file coords.txt (compact mmCIF, C-alpha atoms)
# COMPACT_ATOMS: atom_id res chain seq x y z
CA MET A 49 179.42 108.98 48.37
CA ILE A 50 180.99 106.76 45.70
CA ALA A 51 179.37 106.99 42.25
CA ILE A 52 179.35 103.79 40.20
CA ARG A 53 178.05 102.70 36.81
CA ILE A 54 175.25 100.14 36.40
CA SER A 55 177.76 97.48 35.24
CA GLU A 56 179.72 97.87 38.49
CA LEU A 57 176.48 97.76 40.48
CA GLY A 58 175.85 94.39 38.83
CA ARG A 59 179.34 93.07 39.59
CA THR A 60 179.24 94.21 43.22
CA THR A 61 175.87 92.64 43.98
CA GLY A 62 175.92 89.65 41.63
CA VAL A 63 172.61 90.79 40.08
CA PRO A 64 172.64 90.74 36.24
CA VAL A 65 172.31 94.19 34.59
CA PRO A 66 169.05 93.30 32.73
CA THR A 67 167.55 92.34 36.11
CA ILE A 68 168.70 95.67 37.61
CA LYS A 69 167.04 97.50 34.71
CA TYR A 70 163.85 95.52 35.34
CA TYR A 71 163.90 96.47 39.04
CA LEU A 72 164.43 100.15 38.07
CA ARG A 73 161.40 100.01 35.72
CA GLU A 74 159.31 98.28 38.40
CA GLY A 75 160.28 100.87 41.01
CA LEU A 76 162.06 98.45 43.36
CA LEU A 77 165.23 100.51 43.04
CA PRO A 78 165.37 104.35 42.93
CA ALA A 79 166.67 105.89 39.70
CA GLY A 80 170.35 106.78 39.56
CA ALA A 81 171.66 110.34 39.03
CA ALA A 82 171.60 111.05 35.28
CA THR A 83 175.03 111.96 33.95
CA ALA A 84 174.23 111.82 30.21
CA PRO A 85 171.31 110.62 28.07
CA ASN A 86 170.99 106.87 28.77
CA GLN A 87 173.65 107.00 31.50
CA ALA A 88 173.33 107.26 35.25
CA GLU A 89 175.43 106.87 38.36
CA TYR A 90 174.53 104.79 41.37
CA SER A 91 175.56 104.90 45.01
CA GLU A 92 176.12 102.71 48.08
CA THR A 93 172.37 103.09 48.79
CA HIS A 94 171.62 101.28 45.53
CA VAL A 95 174.05 98.49 46.41
CA GLN A 96 172.35 97.93 49.78
CA ARG A 97 168.83 98.13 48.30
CA LEU A 98 169.70 95.69 45.53
CA ARG A 99 171.05 93.17 48.07
CA LEU A 100 167.84 93.53 50.08
CA VAL A 101 165.67 92.96 46.98
CA ARG A 102 167.71 89.87 46.10
CA VAL A 103 167.28 88.39 49.60
CA LEU A 104 163.54 89.11 49.53
CA ARG A 105 163.26 87.30 46.18
CA GLU A 106 165.65 84.40 46.76
CA VAL A 107 165.27 83.66 50.47
CA GLY A 108 161.76 85.03 51.00
CA GLY A 109 160.37 83.97 47.62
CA LEU A 110 158.49 87.30 47.44
CA GLY A 111 156.88 88.60 44.26
CA ILE A 112 157.48 92.02 42.71
CA GLU A 113 154.35 93.59 44.20
CA ALA A 114 155.13 92.49 47.77
CA ILE A 115 158.65 93.90 47.41
CA ARG A 116 157.24 97.15 45.99
CA ASN A 117 155.08 97.58 49.11
CA ILE A 118 158.09 97.02 51.36
CA VAL A 119 160.22 99.45 49.38
CA ALA A 120 157.48 102.08 49.60
CA ALA A 121 157.45 101.67 53.40
CA LEU A 122 161.25 101.96 53.46
CA GLU A 123 161.01 105.31 51.70
CA ASP A 124 158.16 106.79 53.74
CA PRO A 125 159.70 108.67 56.68
CA SER A 126 156.26 109.45 58.20
CA ARG A 127 155.64 105.92 59.41
CA SER A 128 156.33 104.78 62.96
CA ARG A 129 158.32 101.65 63.76
CA HIS A 130 155.12 99.83 64.67
CA GLN A 131 153.50 100.86 61.38
CA VAL A 132 156.44 99.70 59.27
CA LEU A 133 156.43 96.34 61.02
CA GLY A 134 152.76 96.06 60.07
CA VAL A 135 153.54 96.94 56.44
CA ALA A 136 156.30 94.33 56.36
CA HIS A 137 154.00 91.68 57.85
CA ARG A 138 151.20 92.40 55.40
CA ALA A 139 153.64 92.26 52.48
CA LEU A 140 155.10 88.98 53.72
CA SER A 141 151.91 87.16 54.69
CA PRO A 142 150.44 85.03 51.91
CA PHE A 143 146.99 85.35 53.46
CA GLY A 144 144.44 87.90 52.30
CA PRO A 145 141.63 89.21 54.46
CA GLY A 146 139.16 86.34 54.77
CA GLU A 147 135.54 85.99 55.74
CA PRO A 148 134.62 85.64 59.45
CA THR A 149 134.35 81.95 60.24
CA ASP A 150 133.99 79.77 63.33
CA ALA A 151 137.67 78.87 62.95
CA LEU A 152 138.57 82.58 63.04
CA ASP A 153 136.56 83.02 66.26
CA GLU A 154 138.50 80.15 67.79
CA VAL A 155 141.82 81.64 66.69
CA ASP A 156 140.86 85.02 68.16
CA GLY A 157 139.94 83.23 71.40
CA LEU A 158 143.42 81.65 71.52
CA LEU A 159 145.09 85.03 70.87
CA ARG A 160 143.02 86.60 73.67
CA ARG A 161 143.97 83.80 76.09
CA LEU A 162 147.61 84.41 75.17
CA GLY A 163 147.06 88.10 75.96
CA TRP A 164 148.44 89.15 72.59
CA GLN A 165 147.58 92.63 71.23
CA ILE A 166 146.69 92.02 67.59
CA ALA A 167 145.08 94.44 65.10
CA PRO A 168 141.88 93.11 63.48
CA SER A 169 143.54 93.73 60.10
CA ALA A 170 146.37 91.27 60.78
CA PRO A 171 146.25 88.77 57.86
CA ASP A 172 147.92 86.04 59.92
CA ARG A 173 144.71 85.63 62.00
CA HIS A 174 143.15 84.33 58.79
CA GLY A 175 146.21 82.22 58.07
CA LEU A 176 145.86 80.45 61.41
CA ALA A 177 142.13 79.96 60.84
CA GLN A 178 142.89 78.43 57.44
CA ALA A 179 145.44 76.07 59.01
CA LEU A 180 142.82 74.95 61.56
CA THR A 181 140.20 74.42 58.83
CA SER A 182 142.69 72.44 56.71
CA LEU A 183 143.54 70.11 59.59
CA ARG A 184 139.84 69.43 60.19
CA GLU A 185 139.12 68.81 56.50
CA LEU A 186 141.90 66.22 56.54
CA GLY A 187 140.19 64.46 59.43
CA TYR A 188 142.32 65.65 62.37
CA GLU A 189 140.15 66.36 65.41
CA VAL A 190 141.84 69.48 66.74
CA ASP A 191 140.90 72.86 68.17
CA ALA A 192 142.85 76.14 68.24
CA ASP A 193 144.71 75.06 71.40
CA VAL A 194 146.75 72.72 69.18
CA PHE A 195 148.70 75.85 68.24
CA LEU A 196 149.47 76.79 71.86
CA PRO A 197 152.92 75.09 72.10
CA TYR A 198 153.88 76.76 68.79
CA ALA A 199 152.81 80.17 70.13
CA GLN A 200 154.78 79.62 73.31
CA ALA A 201 157.87 78.55 71.34
CA VAL A 202 157.94 81.67 69.14
CA GLU A 203 156.95 84.28 71.72
CA PRO A 204 160.39 84.67 73.35
CA LEU A 205 161.99 84.81 69.89
CA ALA A 206 159.57 87.54 68.81
CA ALA A 207 160.18 89.54 72.00
CA GLN A 208 163.92 89.40 71.35
CA GLU A 209 163.50 90.28 67.66
CA VAL A 210 161.30 93.30 68.34
CA GLY A 211 163.52 94.40 71.24
CA GLY A 212 166.52 94.34 68.91
CA LEU A 213 165.00 96.66 66.28
CA PRO A 214 166.80 100.01 65.90
CA ASP A 215 164.93 103.16 66.96
CA ASP A 216 165.17 104.82 63.56
CA ALA A 217 161.99 103.83 61.67
CA GLN A 218 163.68 103.33 58.30
CA ALA A 219 166.49 101.21 59.70
CA ALA A 220 163.84 99.35 61.70
CA VAL A 221 161.80 98.41 58.65
CA GLU A 222 164.84 96.95 56.92
CA HIS A 223 165.75 95.03 60.07
CA ALA A 224 162.16 93.84 60.49
CA VAL A 225 161.88 92.65 56.89
CA VAL A 226 165.25 90.92 56.88
CA GLY A 227 164.54 89.37 60.26
CA THR A 228 161.10 88.14 59.29
CA VAL A 229 162.27 86.70 55.97
CA VAL A 230 165.74 85.34 56.78
CA TYR A 231 165.14 84.14 60.33
CA GLY A 232 161.75 82.82 59.22
CA ALA A 233 163.46 80.68 56.57
CA ALA A 234 166.03 79.59 59.18
CA LEU A 235 163.29 78.67 61.66
CA THR A 236 161.52 76.51 59.07
CA ALA A 237 164.78 74.79 58.09
CA LEU A 238 165.74 74.18 61.72
CA ARG A 239 162.36 72.65 62.51
CA ARG A 240 162.78 70.09 59.70
CA LEU A 241 166.36 69.36 60.80
CA ALA A 242 165.21 68.85 64.40
CA GLN A 243 162.48 66.49 63.14
CA GLU A 244 165.10 64.53 61.21
CA HIS A 245 167.30 64.32 64.32
CA HIS A 246 164.48 63.03 66.51
CA SER A 247 163.33 60.59 63.84
CA ALA A 248 166.92 59.26 63.49
CA GLN A 249 167.21 58.89 67.27
CA ARG A 250 163.99 56.89 67.45
CA ARG A 251 165.36 54.29 65.08
CA GLY A 252 168.80 54.21 66.77
CA GLU A 253 170.73 55.82 63.90
CA THR A 254 174.33 56.85 64.44
CA PRO A 255 175.32 60.40 63.47
CA ARG A 256 176.12 60.74 59.78
CA LEU A 257 177.04 64.40 59.40
CA PRO A 258 180.45 64.79 57.64
CA MET B 164 133.70 51.29 49.92
CA ILE B 165 131.42 53.94 48.44
CA ALA B 166 131.81 54.51 44.70
CA ILE B 167 131.23 58.08 43.47
CA ARG B 168 131.38 59.94 40.16
CA ILE B 169 133.96 62.63 39.41
CA SER B 170 131.31 65.36 39.74
CA GLU B 171 130.53 64.21 43.27
CA LEU B 172 134.25 64.03 44.06
CA GLY B 173 134.40 67.69 43.07
CA ARG B 174 131.40 68.68 45.19
CA THR B 175 132.67 66.81 48.26
CA THR B 176 136.16 68.32 48.18
CA GLY B 177 135.46 71.75 46.68
CA VAL B 178 138.00 71.07 43.90
CA PRO B 179 136.69 71.93 40.39
CA VAL B 180 136.33 68.92 38.03
CA PRO B 181 138.81 70.31 35.43
CA THR B 182 141.40 70.60 38.24
CA ILE B 183 140.70 67.00 39.29
CA LYS B 184 141.23 65.87 35.69
CA TYR B 185 144.51 67.79 35.62
CA TYR B 186 145.65 66.08 38.85
CA LEU B 187 144.72 62.68 37.35
CA ARG B 188 146.80 63.42 34.23
CA GLU B 189 149.73 64.62 36.36
CA GLY B 190 149.60 61.50 38.52
CA LEU B 191 148.77 63.30 41.78
CA LEU B 192 145.60 61.24 42.09
CA PRO B 193 145.31 57.52 41.24
CA ALA B 194 142.96 56.65 38.36
CA GLY B 195 139.41 55.64 39.28
CA ALA B 196 137.88 52.25 38.48
CA ALA B 197 136.68 52.36 34.86
CA THR B 198 132.94 51.63 34.59
CA ALA B 199 132.48 52.58 30.93
CA PRO B 200 134.52 54.31 28.23
CA ASN B 201 135.19 57.84 29.55
CA GLN B 202 133.59 57.05 32.91
CA ALA B 203 135.15 56.00 36.19
CA GLU B 204 134.22 55.64 39.83
CA TYR B 205 136.14 57.07 42.73
CA SER B 206 136.37 56.16 46.41
CA GLU B 207 136.96 57.60 49.86
CA THR B 208 140.72 57.23 49.21
CA HIS B 209 140.38 59.72 46.34
CA VAL B 210 138.48 62.16 48.55
CA GLN B 211 141.22 62.06 51.20
CA ARG B 212 144.03 62.32 48.66
CA LEU B 213 142.39 65.25 46.90
CA ARG B 214 142.05 67.10 50.20
CA LEU B 215 145.72 66.47 50.92
CA VAL B 216 146.77 67.78 47.47
CA ARG B 217 144.65 70.88 48.00
CA VAL B 218 146.27 71.61 51.38
CA LEU B 219 149.75 71.06 49.93
CA ARG B 220 148.98 73.54 47.15
CA GLU B 221 147.01 76.15 49.08
CA VAL B 222 148.64 76.11 52.52
CA GLY B 223 152.07 74.80 51.55
CA GLY B 224 152.31 76.61 48.22
CA LEU B 225 153.90 73.47 46.72
CA GLY B 226 154.32 72.91 42.99
CA ILE B 227 153.12 69.89 41.03
CA GLU B 228 156.50 68.16 41.03
CA ALA B 229 157.00 68.44 44.81
CA ILE B 230 153.50 67.01 45.33
CA ARG B 231 154.21 64.18 42.87
CA ASN B 232 157.30 63.19 44.93
CA ILE B 233 155.23 63.15 48.12
CA VAL B 234 152.47 61.12 46.49
CA ALA B 235 155.05 58.60 45.23
CA ALA B 236 156.37 58.20 48.80
CA LEU B 237 152.79 57.77 50.04
CA GLU B 238 152.31 54.86 47.63
CA ASP B 239 155.63 53.10 48.25
CA PRO B 240 155.09 50.56 51.05
CA SER B 241 158.80 49.61 51.13
CA ARG B 242 159.92 52.81 52.78
CA SER B 243 160.48 53.15 56.52
CA ARG B 244 158.97 55.95 58.58
CA HIS B 245 162.35 57.69 58.74
CA GLN B 246 162.76 57.46 54.95
CA VAL B 247 159.33 58.90 54.22
CA LEU B 248 160.01 61.81 56.57
CA GLY B 249 163.17 62.44 54.53
CA VAL B 250 161.21 62.33 51.26
CA ALA B 251 158.66 64.78 52.67
CA HIS B 252 161.42 67.14 53.86
CA ARG B 253 163.22 67.06 50.50
CA ALA B 254 159.96 67.73 48.68
CA LEU B 255 159.11 70.61 51.01
CA SER B 256 162.50 72.32 51.22
CA PRO B 257 163.03 75.04 48.62
CA PHE B 258 166.79 74.53 48.83
CA GLY B 259 168.70 72.39 46.36
CA PRO B 260 172.02 70.73 47.13
CA GLY B 261 174.58 73.55 47.20
CA GLU B 262 178.32 73.82 46.96
CA PRO B 263 180.42 73.40 50.13
CA THR B 264 181.08 76.86 51.58
CA ASP B 265 182.53 78.33 54.75
CA ALA B 266 178.97 79.16 55.82
CA LEU B 267 178.01 75.48 55.41
CA ASP B 268 180.97 74.43 57.60
CA GLU B 269 179.74 76.85 60.27
CA VAL B 270 176.19 75.50 60.05
CA ASP B 271 177.46 71.92 60.37
CA GLY B 272 179.48 73.03 63.42
CA LEU B 273 176.31 74.41 65.01
CA LEU B 274 174.39 71.18 64.25
CA ARG B 275 177.21 69.13 65.82
CA ARG B 276 177.24 71.34 68.95
CA LEU B 277 173.48 70.79 69.18
CA GLY B 278 174.13 67.03 68.94
CA TRP B 279 171.67 66.67 66.06
CA GLN B 280 171.89 63.60 63.81
CA ILE B 281 171.53 64.99 60.29
CA ALA B 282 172.14 63.24 56.96
CA PRO B 283 174.67 64.99 54.68
CA SER B 284 171.96 65.04 51.99
CA ALA B 285 169.59 67.20 54.08
CA PRO B 286 168.83 70.26 51.89
CA ASP B 287 168.05 72.42 54.91
CA ARG B 288 171.76 72.51 55.85
CA HIS B 289 172.23 74.51 52.66
CA GLY B 290 169.17 76.61 53.47
CA LEU B 291 170.67 77.65 56.80
CA ALA B 292 174.03 78.39 55.14
CA GLN B 293 172.22 80.56 52.58
CA ALA B 294 170.44 82.44 55.38
CA LEU B 295 173.79 83.09 57.09
CA THR B 296 175.37 84.29 53.82
CA SER B 297 172.38 86.56 53.12
CA LEU B 298 172.65 88.20 56.55
CA ARG B 299 176.35 88.89 56.01
CA GLU B 300 175.84 90.30 52.51
CA LEU B 301 173.33 92.70 54.02
CA GLY B 302 175.96 93.89 56.49
CA TYR B 303 174.87 92.01 59.63
CA GLU B 304 177.90 90.75 61.57
CA VAL B 305 176.65 87.35 62.69
CA ASP B 306 177.90 83.79 62.96
CA ALA B 307 175.95 80.52 62.98
CA ASP B 308 175.29 80.84 66.72
CA VAL B 309 172.72 83.52 65.88
CA PHE B 310 170.44 80.58 64.99
CA LEU B 311 170.90 78.87 68.37
CA PRO B 312 167.79 80.34 70.09
CA TYR B 313 165.72 79.36 67.03
CA ALA B 314 167.04 75.80 67.17
CA GLN B 315 166.28 75.60 70.87
CA ALA B 316 162.75 76.95 70.32
CA VAL B 317 161.83 74.37 67.67
CA GLU B 318 163.51 71.30 69.14
CA PRO B 319 160.82 70.45 71.71
CA LEU B 320 158.14 70.98 69.02
CA ALA B 321 159.96 68.63 66.64
CA ALA B 322 160.39 65.98 69.35
CA GLN B 323 156.64 66.13 70.03
CA GLU B 324 155.78 66.06 66.32
CA VAL B 325 157.96 63.04 65.56
CA GLY B 326 156.80 61.27 68.71
CA GLY B 327 153.20 61.73 67.59
CA LEU B 328 153.66 60.06 64.19
CA PRO B 329 151.73 56.81 63.73
CA ASP B 330 153.77 53.61 63.41
CA ASP B 331 152.35 52.70 60.01
CA ALA B 332 154.75 54.19 57.42
CA GLN B 333 152.06 55.31 54.99
CA ALA B 334 149.93 56.96 57.67
CA ALA B 335 153.16 58.47 59.03
CA VAL B 336 154.10 60.12 55.75
CA GLU B 337 150.72 61.78 55.47
CA HIS B 338 150.98 62.96 59.08
CA ALA B 339 154.54 64.18 58.52
CA VAL B 340 153.63 66.11 55.38
CA VAL B 341 150.51 67.67 56.85
CA GLY B 342 152.39 68.48 60.05
CA THR B 343 155.34 70.03 58.29
CA VAL B 344 153.18 72.09 55.93
CA VAL B 345 150.23 73.12 58.10
CA TYR B 346 152.01 73.57 61.45
CA GLY B 347 154.89 75.21 59.56
CA ALA B 348 152.48 77.80 58.16
CA ALA B 349 150.97 78.21 61.64
CA LEU B 350 154.41 78.69 63.21
CA THR B 351 155.30 81.41 60.69
CA ALA B 352 151.96 83.17 61.23
CA LEU B 353 152.29 82.96 65.03
CA ARG B 354 155.80 84.41 64.94
CA ARG B 355 154.56 87.48 63.05
CA LEU B 356 151.58 87.82 65.41
CA ALA B 357 153.90 87.59 68.45
CA GLN B 358 156.12 90.28 66.88
CA GLU B 359 153.08 92.50 66.40
CA HIS B 360 152.06 91.98 70.02
CA HIS B 361 155.50 92.87 71.38
CA SER B 362 155.77 95.86 69.07
CA ALA B 363 152.34 97.09 70.23
CA GLN B 364 153.35 96.63 73.86
CA ARG B 365 156.51 98.67 73.39
CA ARG B 366 154.53 101.66 72.19
CA GLY B 367 151.87 101.27 74.87
CA GLU B 368 149.03 100.22 72.59
CA THR B 369 145.79 98.98 74.04
CA PRO B 370 144.39 95.69 72.76
CA ARG B 371 142.37 96.10 69.58
CA LEU B 372 141.21 92.59 68.75
CA PRO B 373 137.44 92.45 68.16

call {"tool": "encode", "arguments": {"input": "coords.txt", "output": "structure tokens"}}
result
Amino acid sequence: MIAIRISELGRTTGVPVPTIKYYLREGLLPAGAATAPNQAEYSETHVQRLRLVRVLREVGGLGIEAIRNIVAALEDPSRSRHQVLGVAHRALSPFGPGEPTDALDEVDGLLRRLGWQIAPSAPDRHGLAQALTSLRELGYEVDADVFLPYAQAVEPLAAQEVGGLPDDAQAAVEHAVVGTVVYGAALTALRRLAQEHHSAQRRGETPRLP
Amino acid sequence: MIAIRISELGRTTGVPVPTIKYYLREGLLPAGAATAPNQAEYSETHVQRLRLVRVLREVGGLGIEAIRNIVAALEDPSRSRHQVLGVAHRALSPFGPGEPTDALDEVDGLLRRLGWQIAPSAPDRHGLAQALTSLRELGYEVDADVFLPYAQAVEPLAAQEVGGLPDDAQAAVEHAVVGTVVYGAALTALRRLAQEHHSAQRRGETPRLP
């Protein structure tokens, strides 16, 4: 175990020292080992945690409270792999628990037809219902089956992602969070790039990538 | 053309009148037709636009400036369908133009191998490079090919989405924005739900959906 000062922790991770102090106060980072009044030493664990917090903020755009929930799950050895995945999902989903609506019934019907095993507390059920309601308010005449090709596209990815999680619950939660945030951002970026490609093809563009 | 007061505009769309006034000041909504000092009438166009702005804010989480750029593209009849898709993508992508990096070279290599026609100005190239860099900083030994299954999963969706855009450029930009935002949110939600399903299956859970 290498012991380092807070200034070195900042240099190693590229996170400014005032930001590290803020994360310490907010409980996103465990306290260092006190070596003198107003002085503490930090370890490789802090380096790794700080990099995770930075990715969650910069790539995932998560707020302090969402990160705090994830960090609490990371430090709770009593949770199973399935439970920590649930904690990560609930921290990452922007959707709160909503009211039962017709749109939610339709979404649940789609999930049943897909044969997916989903907890009633999953916030993303409400997210899908909200997406369906939004489309209808904008005048698009669609039902929940409009999401079917999207579900079929992500299912093999999700199977591979979950299959690749380590057995250890704490390692699994970090993997799950990183995977959901970083590969989620990549998936969104790739979809827009693929749209650009197909739009360029339709108008007979020649490739322009350097 | 039905003419309505601002209060009715609020009731119809569920957007509070002070918020409508804020959108008018910020240029997200065109001014109504003045009928008297401090009084104006609004039309069906305003209703539709206001619903779009609400979806961009609530489902897409977009800021005022990103929405202003989209609205400007909506009102510029000189742009082609391909150009308005580009404007929508640049407004929606959280990634700014970045510095050239080794990770960016690797991402461009992947896009070339995929045969995708991508403009050098596409911000999502930098987004993918940032995702790759983040994974490496967190200790994952990956190269750009790790994104290949994600690219292959979204490509048929993107082809369908672009193929479904109306020919009219202004209708196309609204479709493209709504599609990118709302189906993007749906795709993210479905990926998490599919992960939950596969995680539940691995531990032999029985279905729990109501």

call {"tool": "closest_residue", "arguments": {"input": "coords.txt", "among": "B:Val210, B:Ala197, B:Asp287, B:Arg188", "to": "Thr175 of chain B", "atoms": "all atoms listed in the file"}}
result
B:Val210

call {"tool": "interface_residues", "arguments": {"input": "coords.txt", "of": "chain B", "to": "chain A", "cutoff": "6 Å", "atoms": "only C-alpha atoms", "output": "ChimeraX atom specification"}}
result
/B:245,279-283,287,291,294,313-314,316-318,321-322,345,349-350,352-354,357-358,360-362,370-372

call {"tool": "write_last_selection", "arguments": {"input": "coords.txt", "atoms": "C-alpha atoms", "output": "mmCIF file, in the frame of the given file"}}
result
data_model
loop_
_atom_site.group_PDB
_atom_site.id
_atom_site.type_symbol
_atom_site.label_atom_id
_atom_site.label_comp_id
_atom_site.auth_asym_id
_atom_site.auth_seq_id
_atom_site.Cartn_x
_atom_site.Cartn_y
_atom_site.Cartn_z
ATOM 1 C CA HIS B 245 162.350 57.690 58.740
ATOM 2 C CA TRP B 279 171.670 66.670 66.060
ATOM 3 C CA GLN B 280 171.890 63.600 63.810
ATOM 4 C CA ILE B 281 171.530 64.990 60.290
ATOM 5 C CA ALA B 282 172.140 63.240 56.960
ATOM 6 C CA PRO B 283 174.670 64.990 54.680
ATOM 7 C CA ASP B 287 168.050 72.420 54.910
ATOM 8 C CA LEU B 291 170.670 77.650 56.800
ATOM 9 C CA ALA B 294 170.440 82.440 55.380
ATOM 10 C CA TYR B 313 165.720 79.360 67.030
ATOM 11 C CA ALA B 314 167.040 75.800 67.170
ATOM 12 C CA ALA B 316 162.750 76.950 70.320
ATOM 13 C CA VAL B 317 161.830 74.370 67.670
ATOM 14 C CA GLU B 318 163.510 71.300 69.140
ATOM 15 C CA ALA B 321 159.960 68.630 66.640
ATOM 16 C CA ALA B 322 160.390 65.980 69.350
ATOM 17 C CA VAL B 345 150.230 73.120 58.100
ATOM 18 C CA ALA B 349 150.970 78.210 61.640
ATOM 19 C CA LEU B 350 154.410 78.690 63.210
ATOM 20 C CA ALA B 352 151.960 83.170 61.230
ATOM 21 C CA LEU B 353 152.290 82.960 65.030
ATOM 22 C CA ARG B 354 155.800 84.410 64.940
ATOM 23 C CA ALA B 357 153.900 87.590 68.450
ATOM 24 C CA GLN B 358 156.120 90.280 66.880
ATOM 25 C CA HIS B 360 152.060 91.980 70.020
ATOM 26 C CA HIS B 361 155.500 92.870 71.380
ATOM 27 C CA SER B 362 155.770 95.860 69.070
ATOM 28 C CA PRO B 370 144.390 95.690 72.760
ATOM 29 C CA ARG B 371 142.370 96.100 69.580
ATOM 30 C CA LEU B 372 141.210 92.590 68.750
#

call {"tool": "atom_distance", "arguments": {"input": "coords.txt", "atom1": "atom CA of Ile165 of chain B", "atom2": "atom CA of Tyr205 of chain B"}}
result
8.0 Å

call {"tool": "atom_distance", "arguments": {"input": "coords.txt", "atom1": "atom CA of Val101 of chain A", "atom2": "atom CA of Leu76 of chain A"}}
result
7.5 Å

call {"tool": "atom_distance", "arguments": {"input": "coords.txt", "atom1": "atom CA of Glu189 of chain B", "atom2": "atom CA of Ala254 of chain B"}}
result
16.3 Å

call {"tool": "residues_around", "arguments": {"input": "coords.txt", "residues": "Thr198 of chain B", "least_positions_apart": "6", "cutoff": "12 Å", "atoms": "all atoms listed in the file", "output": "PyMOL selection string"}}
result
chain B and resi 166-168+204-205

call {"tool": "residues_around", "arguments": {"input": "coords.txt", "residues": "Asp308 of chain B", "least_positions_apart": "4", "cutoff": "9 Å", "atoms": "all atoms listed in the file", "output": "number ranges by chain"}}
result
B: 269-270, 273, 312
